[in-house]
file run.cif (mmCIF, C-alpha atoms)
data_query
#
loop_
_atom_site.label_atom_id
_atom_site.label_comp_id
_atom_site.auth_asym_id
_atom_site.auth_seq_id
_atom_site.Cartn_x
_atom_site.Cartn_y
_atom_site.Cartn_z
CA MET A 1 170.70 190.55 130.66
CA HIS A 2 167.04 190.26 129.71
CA ILE A 3 165.09 193.55 130.02
CA SER A 4 162.46 192.03 132.32
CA MET A 5 165.13 190.65 134.63
CA LEU A 6 166.86 194.03 134.76
CA ARG A 7 163.59 195.73 135.67
CA LEU A 8 162.98 193.15 138.41
CA LEU A 9 166.43 193.75 139.91
CA ARG A 10 165.92 197.51 139.83
CA ALA A 11 162.51 197.18 141.50
CA SER A 12 163.97 194.89 144.17
CA SER A 13 166.81 197.33 144.87
CA ALA A 14 164.36 200.22 145.14
CA LEU A 15 162.22 198.26 147.61
CA CYS A 16 165.24 197.41 149.80
CA PHE A 17 166.31 201.06 149.75
CA ALA A 18 162.79 202.19 150.72
CA VAL A 19 162.66 199.74 153.63
CA ALA A 20 166.09 200.86 154.85
CA MET A 21 165.09 204.52 154.61
CA SER A 22 161.87 203.87 156.56
CA MET A 23 163.86 202.52 159.54
CA PRO A 24 165.01 205.22 161.98
CA ALA A 25 168.77 205.76 161.76
CA TRP A 26 169.03 204.97 165.47
CA ALA A 27 167.23 201.63 165.19
CA SER A 28 168.59 198.37 163.80
CA GLY A 29 168.16 194.64 164.18
CA THR A 30 167.07 191.51 162.41
CA ASP A 31 163.88 191.13 164.46
CA THR A 32 161.65 193.86 163.09
CA HIS A 33 158.90 193.36 165.70
CA LEU A 34 161.27 193.74 168.65
CA ARG A 35 163.07 196.61 166.94
CA ASP A 36 159.80 198.44 166.32
CA THR A 37 158.62 197.83 169.89
CA LEU A 38 161.86 199.19 171.33
CA ALA A 39 161.64 202.16 168.96
CA GLN A 40 158.15 202.90 170.31
CA LEU A 41 159.48 202.72 173.86
CA ALA A 42 162.28 205.12 172.92
CA GLU A 43 159.68 207.54 171.61
CA ARG A 44 157.73 207.15 174.85
CA ALA A 45 160.87 207.98 176.83
CA LYS A 46 161.33 211.40 175.22
CA PRO A 47 162.55 213.99 176.01
CA GLY A 48 164.86 211.50 177.70
CA THR A 49 167.08 209.32 175.53
CA LEU A 50 166.63 205.56 175.79
CA GLY A 51 169.35 203.26 174.48
CA VAL A 52 168.93 199.48 174.35
CA THR A 53 170.92 196.53 173.00
CA VAL A 54 169.43 193.03 173.05
CA VAL A 55 171.51 190.01 172.01
CA ASP A 56 170.28 186.42 171.70
CA LEU A 57 173.27 184.27 172.63
CA GLU A 58 172.01 181.31 170.59
CA THR A 59 170.98 182.97 167.34
CA HIS A 60 173.41 185.92 167.69
CA ASP A 61 170.57 188.26 166.65
CA ARG A 62 171.29 191.78 167.89
CA THR A 63 168.59 194.43 168.16
CA ARG A 64 169.63 198.00 168.93
CA ILE A 65 168.07 201.37 169.71
CA ASN A 66 170.27 204.44 170.24
CA ALA A 67 173.03 201.97 171.08
CA ASP A 68 176.20 203.57 169.74
CA ARG A 69 176.38 206.60 172.05
CA GLY A 70 177.66 206.80 175.61
CA TYR A 71 175.39 206.81 178.67
CA PRO A 72 176.36 207.53 182.29
CA MET A 73 176.57 204.18 184.08
CA MET A 74 176.14 205.15 187.73
CA SER A 75 176.06 201.86 189.71
CA VAL A 76 176.08 199.68 186.58
CA PHE A 77 179.87 200.13 186.73
CA LYS A 78 179.98 198.01 189.90
CA ALA A 79 179.59 194.82 187.85
CA PRO A 80 182.75 195.40 185.75
CA VAL A 81 184.62 196.56 188.88
CA ALA A 82 183.66 193.26 190.54
CA ALA A 83 184.78 191.36 187.45
CA ALA A 84 188.17 193.06 187.56
CA VAL A 85 188.53 192.17 191.25
CA LEU A 86 187.58 188.54 190.63
CA ALA A 87 190.15 188.41 187.81
CA GLU A 88 192.75 189.34 190.44
CA VAL A 89 191.40 186.54 192.63
CA ASP A 90 191.75 184.11 189.71
CA ALA A 91 195.35 185.28 189.23
CA GLY A 92 196.16 184.70 192.91
CA ARG A 93 196.95 188.36 193.59
CA VAL A 94 193.85 188.92 195.75
CA ALA A 95 192.09 186.52 198.13
CA LEU A 96 188.38 186.51 198.91
CA ASP A 97 189.11 186.30 202.64
CA GLN A 98 191.66 189.12 202.43
CA GLU A 99 190.70 192.01 204.72
CA VAL A 100 190.50 195.62 203.53
CA THR A 101 190.55 198.59 205.92
CA ILE A 102 188.08 201.40 205.34
CA ASP A 103 188.57 204.74 207.09
CA ARG A 104 185.75 207.03 208.13
CA LYS A 105 186.88 209.55 205.48
CA ASP A 106 186.33 206.92 202.78
CA VAL A 107 182.65 206.40 203.55
CA VAL A 108 180.41 207.43 200.65
CA GLY A 109 176.69 207.73 201.06
CA GLY A 110 174.33 205.61 199.01
CA SER A 111 173.26 202.00 198.58
CA ALA A 112 170.18 200.19 197.29
CA VAL A 113 169.66 198.63 200.72
CA PRO A 114 171.36 199.64 204.00
CA SER A 115 174.87 198.25 203.69
CA ILE A 116 178.46 198.97 204.70
CA GLY A 117 178.27 202.74 204.39
CA ALA A 118 175.06 202.95 206.40
CA HIS A 119 176.34 200.67 209.17
CA PHE A 120 179.86 202.10 209.43
CA ALA A 121 180.92 202.76 213.00
CA GLY A 122 184.04 204.27 214.55
CA ARG A 123 187.16 205.55 212.77
CA GLN A 124 188.06 202.36 210.88
CA MET A 125 186.46 199.05 209.96
CA ARG A 126 187.80 195.96 208.18
CA PHE A 127 185.90 193.87 205.65
CA THR A 128 186.83 190.86 203.56
CA VAL A 129 186.97 191.19 199.79
CA ASP A 130 184.09 188.73 199.60
CA ARG A 131 181.92 190.95 201.83
CA LEU A 132 182.82 194.01 199.78
CA LEU A 133 181.81 192.23 196.56
CA VAL A 134 178.41 191.33 198.03
CA ALA A 135 177.92 194.89 199.24
CA ALA A 136 179.02 196.47 195.95
CA VAL A 137 177.01 194.29 193.54
CA SER A 138 174.04 192.79 195.40
CA GLU A 139 173.47 195.78 197.71
CA SER A 140 174.93 198.49 195.42
CA ASP A 141 176.92 200.06 198.25
CA ASN A 142 179.06 203.01 197.17
CA THR A 143 181.56 202.74 200.03
CA ALA A 144 182.24 199.09 199.17
CA VAL A 145 182.87 199.62 195.47
CA ASP A 146 185.26 202.50 196.17
CA ALA A 147 187.21 200.26 198.54
CA LEU A 148 187.47 197.65 195.77
CA ILE A 149 188.66 200.28 193.30
CA ARG A 150 191.41 201.34 195.71
CA LEU A 151 192.36 197.68 196.16
CA LEU A 152 192.77 197.35 192.39
CA GLY A 153 194.94 200.45 192.17
CA GLY A 154 192.42 202.86 190.64
CA PRO A 155 189.62 203.04 188.06
CA ALA A 156 192.02 202.80 185.11
CA VAL A 157 192.76 199.18 186.07
CA VAL A 158 189.11 198.32 185.39
CA THR A 159 189.14 199.99 181.97
CA ARG A 160 192.38 198.20 181.08
CA TYR A 161 190.79 194.90 182.12
CA LEU A 162 187.82 195.60 179.84
CA ARG A 163 190.06 196.52 176.89
CA ASP A 164 192.19 193.42 177.43
CA HIS A 165 189.00 191.39 176.99
CA GLY A 166 187.89 193.19 173.83
CA ILE A 167 185.22 195.36 175.44
CA ASP A 168 185.36 198.82 173.90
CA GLY A 169 182.93 201.64 174.56
CA MET A 170 182.78 201.04 178.34
CA ARG A 171 185.10 203.10 180.50
CA VAL A 172 185.66 203.41 184.25
CA ASP A 173 187.47 206.60 185.23
CA LEU A 174 185.86 207.62 188.51
CA SER A 175 184.94 206.25 191.91
CA GLU A 176 181.53 206.88 193.46
CA GLY A 177 183.16 209.55 195.60
CA ASP A 178 184.45 211.28 192.46
CA VAL A 179 180.98 211.18 190.91
CA SER A 180 179.50 212.70 194.07
CA HIS A 181 181.97 215.58 193.86
CA ILE A 182 180.91 216.30 190.29
CA PHE A 183 177.24 216.40 191.26
CA ASP A 184 178.07 218.59 194.27
CA GLY A 185 180.02 221.03 192.11
CA THR A 186 183.18 220.36 194.16
CA ALA A 187 185.13 218.24 191.65
CA ASN A 188 187.87 220.83 191.16
CA GLY A 189 188.72 221.35 194.79
CA GLN A 190 185.88 223.75 195.58
CA THR A 191 184.36 223.61 199.03
CA ILE A 192 180.78 224.20 200.11
CA PRO A 193 180.54 227.36 202.22
CA GLU A 194 179.18 226.79 205.70
CA ASN A 195 176.81 229.74 205.30
CA GLU A 196 175.68 228.85 201.77
CA THR A 197 172.24 230.21 200.97
CA GLU A 198 169.50 228.10 199.41
CA ALA A 199 169.81 230.11 196.19
CA ALA A 200 173.57 229.57 196.04
CA GLN A 201 173.10 225.87 196.74
CA ALA A 202 170.61 225.59 193.87
CA VAL A 203 173.06 227.28 191.49
CA ARG A 204 175.93 225.02 192.64
CA ARG A 205 173.91 221.84 192.30
CA GLN A 206 172.64 222.81 188.86
CA ARG A 207 176.21 223.57 187.79
CA GLY A 208 177.32 220.17 189.06
CA TYR A 209 174.41 218.40 187.40
CA GLN A 210 175.19 219.93 184.03
CA ALA A 211 178.87 219.08 184.44
CA PHE A 212 177.93 215.45 185.08
CA MET A 213 175.65 215.32 182.03
CA ALA A 214 178.50 216.60 179.83
CA ASP A 215 181.15 214.27 181.30
CA ALA A 216 182.24 211.32 179.14
CA ARG A 217 183.81 209.47 182.07
CA ASN A 218 182.17 206.40 183.61
CA THR A 219 180.03 205.93 180.52
CA THR A 220 179.19 203.01 178.29
CA THR A 221 177.37 202.33 175.07
CA PRO A 222 174.57 199.77 175.32
CA ASP A 223 176.54 197.71 172.79
CA ALA A 224 179.58 197.59 175.08
CA ALA A 225 177.44 196.71 178.11
CA ALA A 226 175.87 193.87 176.12
CA ASP A 227 179.36 192.69 175.12
CA PHE A 228 180.35 192.63 178.79
CA LEU A 229 177.27 190.59 179.70
CA GLU A 230 177.75 188.18 176.81
CA LYS A 231 181.39 187.52 177.63
CA LEU A 232 180.55 187.10 181.31
CA SER A 233 177.78 184.64 180.50
CA ARG A 234 180.00 182.64 178.14
CA GLY A 235 182.81 182.41 180.72
CA LYS A 236 185.23 184.50 178.68
CA LEU A 237 186.03 187.02 181.43
CA LEU A 238 186.70 184.86 184.50
CA SER A 239 187.28 181.35 185.73
CA ALA A 240 184.21 179.12 186.06
CA ASP A 241 184.08 179.67 189.83
CA SER A 242 184.44 183.43 189.59
CA THR A 243 181.92 183.62 186.75
CA GLN A 244 179.34 181.82 188.88
CA ARG A 245 180.19 184.00 191.88
CA LEU A 246 179.56 187.24 189.97
CA LEU A 247 176.37 185.88 188.41
CA ARG A 248 175.09 184.92 191.87
CA LEU A 249 175.80 188.43 193.11
CA MET A 250 173.81 189.81 190.18
CA TYR A 251 170.95 187.32 190.71
CA ASP A 252 170.80 188.55 194.31
CA GLN A 253 170.40 192.20 193.27
CA THR A 254 166.63 192.38 193.69
CA VAL A 255 166.43 196.10 194.56
CA PRO A 256 165.71 198.09 192.45
CA ASN A 257 163.15 195.87 190.72
CA ARG A 258 163.40 197.31 187.21
CA MET A 259 163.45 195.03 184.14
CA ARG A 260 162.97 192.14 186.56
CA ALA A 261 159.38 193.36 187.11
CA GLY A 262 158.49 192.63 183.47
CA LEU A 263 159.81 189.07 183.30
CA PRO A 264 157.79 185.89 183.90
CA PRO A 265 158.64 184.24 187.25
CA ASP A 266 160.17 181.13 185.64
CA LEU A 267 162.95 183.18 184.01
CA ARG A 268 166.23 183.86 185.82
CA PHE A 269 167.66 187.37 185.70
CA ALA A 270 171.19 188.40 186.72
CA ASP A 271 171.33 192.17 186.56
CA LYS A 272 172.90 195.39 187.79
CA CYS A 273 171.02 198.67 187.99
CA GLY A 274 172.29 202.23 188.12
CA THR A 275 170.47 205.39 189.15
CA SER A 276 171.35 209.04 189.59
CA TYR A 277 169.43 211.47 191.73
CA THR A 278 166.80 213.74 190.19
CA LEU A 279 167.25 217.50 190.06
CA ASP A 280 164.52 219.91 189.00
CA GLY A 281 162.51 217.04 187.52
CA GLN A 282 165.33 215.59 185.42
CA THR A 283 167.03 212.24 186.06
CA ALA A 284 170.54 211.97 184.63
CA ALA A 285 170.72 208.17 184.62
CA PHE A 286 168.26 205.30 185.06
CA ASN A 287 169.72 201.97 183.91
CA ASP A 288 169.53 198.21 184.07
CA ILE A 289 171.69 195.57 182.39
CA GLY A 290 171.17 191.86 182.74
CA ILE A 291 171.25 188.27 181.54
CA VAL A 292 167.87 186.57 181.01
CA THR A 293 167.83 182.77 181.10
CA TRP A 294 164.86 180.53 180.27
CA PRO A 295 164.31 177.15 181.98
CA ASP A 296 165.69 175.37 178.89
CA GLY A 297 168.92 177.39 179.03
CA HIS A 298 168.09 179.86 176.26
CA THR A 299 169.90 183.10 177.14
CA VAL A 300 169.44 186.71 176.07
CA VAL A 301 171.38 189.74 177.32
CA VAL A 302 169.73 193.15 177.62
CA ALA A 303 171.42 196.49 178.29
CA ALA A 304 169.08 199.46 178.77
CA PHE A 305 170.07 203.04 179.60
CA LEU A 306 167.90 206.12 180.02
CA THR A 307 169.38 209.59 180.37
CA GLY A 308 167.89 213.06 180.69
CA SER A 309 164.46 211.71 181.63
CA ARG A 310 161.68 214.01 182.79
CA ALA A 311 159.42 211.11 183.79
CA ASP A 312 158.63 210.24 187.39
CA ALA A 313 159.93 207.07 189.03
CA ASN A 314 156.77 205.03 188.41
CA THR A 315 156.81 205.90 184.71
CA ARG A 316 160.49 205.04 184.38
CA ASN A 317 160.00 201.73 186.15
CA ALA A 318 157.06 200.89 183.88
CA LEU A 319 159.19 201.68 180.83
CA PHE A 320 161.90 199.24 181.89
CA ALA A 321 159.38 196.55 182.76
CA ASP A 322 157.98 196.94 179.24
CA ILE A 323 161.48 196.54 177.76
CA ALA A 324 161.74 193.19 179.55
CA ARG A 325 158.23 192.17 178.44
CA ALA A 326 159.15 192.92 174.84
CA VAL A 327 162.24 190.70 175.09
CA ALA A 328 160.36 187.86 176.81
CA ALA A 329 157.58 188.01 174.21
CA ARG A 330 160.04 187.31 171.38
CA ARG A 331 161.20 184.01 172.88
CA GLN A 332 159.59 181.85 170.17
CA GLY A 333 162.05 181.38 167.33
CA GLY A 334 164.76 183.35 169.13
CA LEU A 335 164.54 187.13 168.91
#

call {"tool": "encode", "arguments": {"input": "run.cif", "output": "structure tokens"}}
result
Amino acid sequence: MHISMLRLLRASSALCFAVAMSMPAWASGTDTHLRDTLAQLAERAKPGTLGVTVVDLETHDRTRINADRGYPMMSVFKAPVAAAVLAEVDAGRVALDQEVTIDRKDVVGGSAVPSIGAHFAGRQMRFTVDRLLVAAVSESDNTAVDALIRLLGGPAVVTRYLRDHGIDGMRVDLSEGDVSHIFDGTANGQTIPENETEAAQAVRRQRGYQAFMADARNTTTPDAAADFLEKLSRGKLLSADSTQRLLRLMYDQTVPNRMRAGLPPDLRFADKCGTSYTLDGQTAAFNDIGIVTWPDGHTVVVAAFLTGSRADANTRNALFADIARAVAARRQGGL
């Protein structure tokens, strides 16, 4: 080989190595502008950890920040639970008009808008599977999703469904009631004393909070969440009817208004949020995953997870709106 050519190859290799070394180890992607913008947002999120995966379904470009570690899902898990239920509907083992009985003891507090749990009356109530799906996904009702999990036969059924469809890195092990027990510090059969002092309550809640932060159950990587969204969008998880049903439920989830707030009004967004409570200024989970569709059909999936944040709610909401703005701004030429 000619000496000048050898020198050129060596110089080229050195340049490629320098560029690779200049990129943070936790950031990757073919669109350097989007990657750098997301990296800046991740820096802004500190001391919290922000993980994001963005996938253009036409170009297959994938941009990632802190995307290969697990994040607590909170209510994000309601979308895969709904998918597993709709798969049972497709198989003829569950019917949308089938009624499910919920006992008073099964009521779990929490929903994005007042839903089944908030309006529960008496000792028992019956709801159709269809109503439970609306409550779980569009209204993020905890009582409804736990009823659907019991109908399936437990959380492991959801994880098995995900694995059967090639989605690794997302796991469902717990119901909302189980998660509440972890936060309360009562996951191992402990009870809350009737005469508990404020100091003892603070210690118990801090113990539960730390236990939740260290728990690998009900977690997902942003990559796995993006895989779920991509396969849902492409119709690889459910029948055409069930795919459209779940997407409609996600389109109708307008509270919280998280990444949706950063998107232009002509874009459609099917998403599912997830939020933990805040203790001593720290928020364990603040998430949003969704499918962005332009008027011409161009589609991008975004999965964003924030854990251990010390920011207030307005700052966290602004961060997620900026994630969406960064994605929308890269529309020209794909990502």

call {"tool": "atom_distance", "arguments": {"input": "run.cif", "atom1": "atom CA of Phe286 of chain A", "atom2": "atom CA of Arg331 of chain A"}}
result
25.5 Å

call {"tool": "atom_distance", "arguments": {"input": "run.cif", "atom1": "atom CA of Ala225 of chain A", "atom2": "atom CA of Gly208 of chain A"}}
result
25.9 Å

call {"tool": "closest_atom_pairs", "arguments": {"input": "run.cif", "of": "segment 41-89 of chain A", "to": "segment 111-118 of chain A", "cutoff": "12 Å", "atoms": "all atoms listed in the file", "output": "CSV"}}
result
residue,atom,partner,partner_atom,distance
A:Met74,CA,A:Ser111,CA,11.7
A:Ser75,CA,A:Ser111,CA,9.3
A:Lys78,CA,A:Ser111,CA,11.7

call {"tool": "resolve_selection", "arguments": {"input": "run.cif", "expression": "the PyMOL selection byres ((chain A and resi 104-106) around 8)", "output": "PyMOL selection string"}}
result
chain A and resi 102-103+107-108+120+122-124+143+147

call {"tool": "resolve_selection", "arguments": {"input": "run.cif", "expression": "the PyMOL selection byres ((chain A and resi 127-132) around 8)", "output": "ChimeraX atom specification"}}
result
/A:95-102,125-126,133-136,144-145,147-148

call {"tool": "residues_around", "arguments": {"input": "run.cif", "residues": "Thr219 of chain A", "least_positions_apart": "4", "cutoff": "8 Å", "atoms": "only C-alpha atoms", "output": "ChimeraX atom specification"}}
result
/A:70-73,169-172

call {"tool": "atom_distance", "arguments": {"input": "run.cif", "atom1": "atom CA of Asp164 of chain A", "atom2": "atom CA of Asp68 of chain A"}}
result
20.4 Å
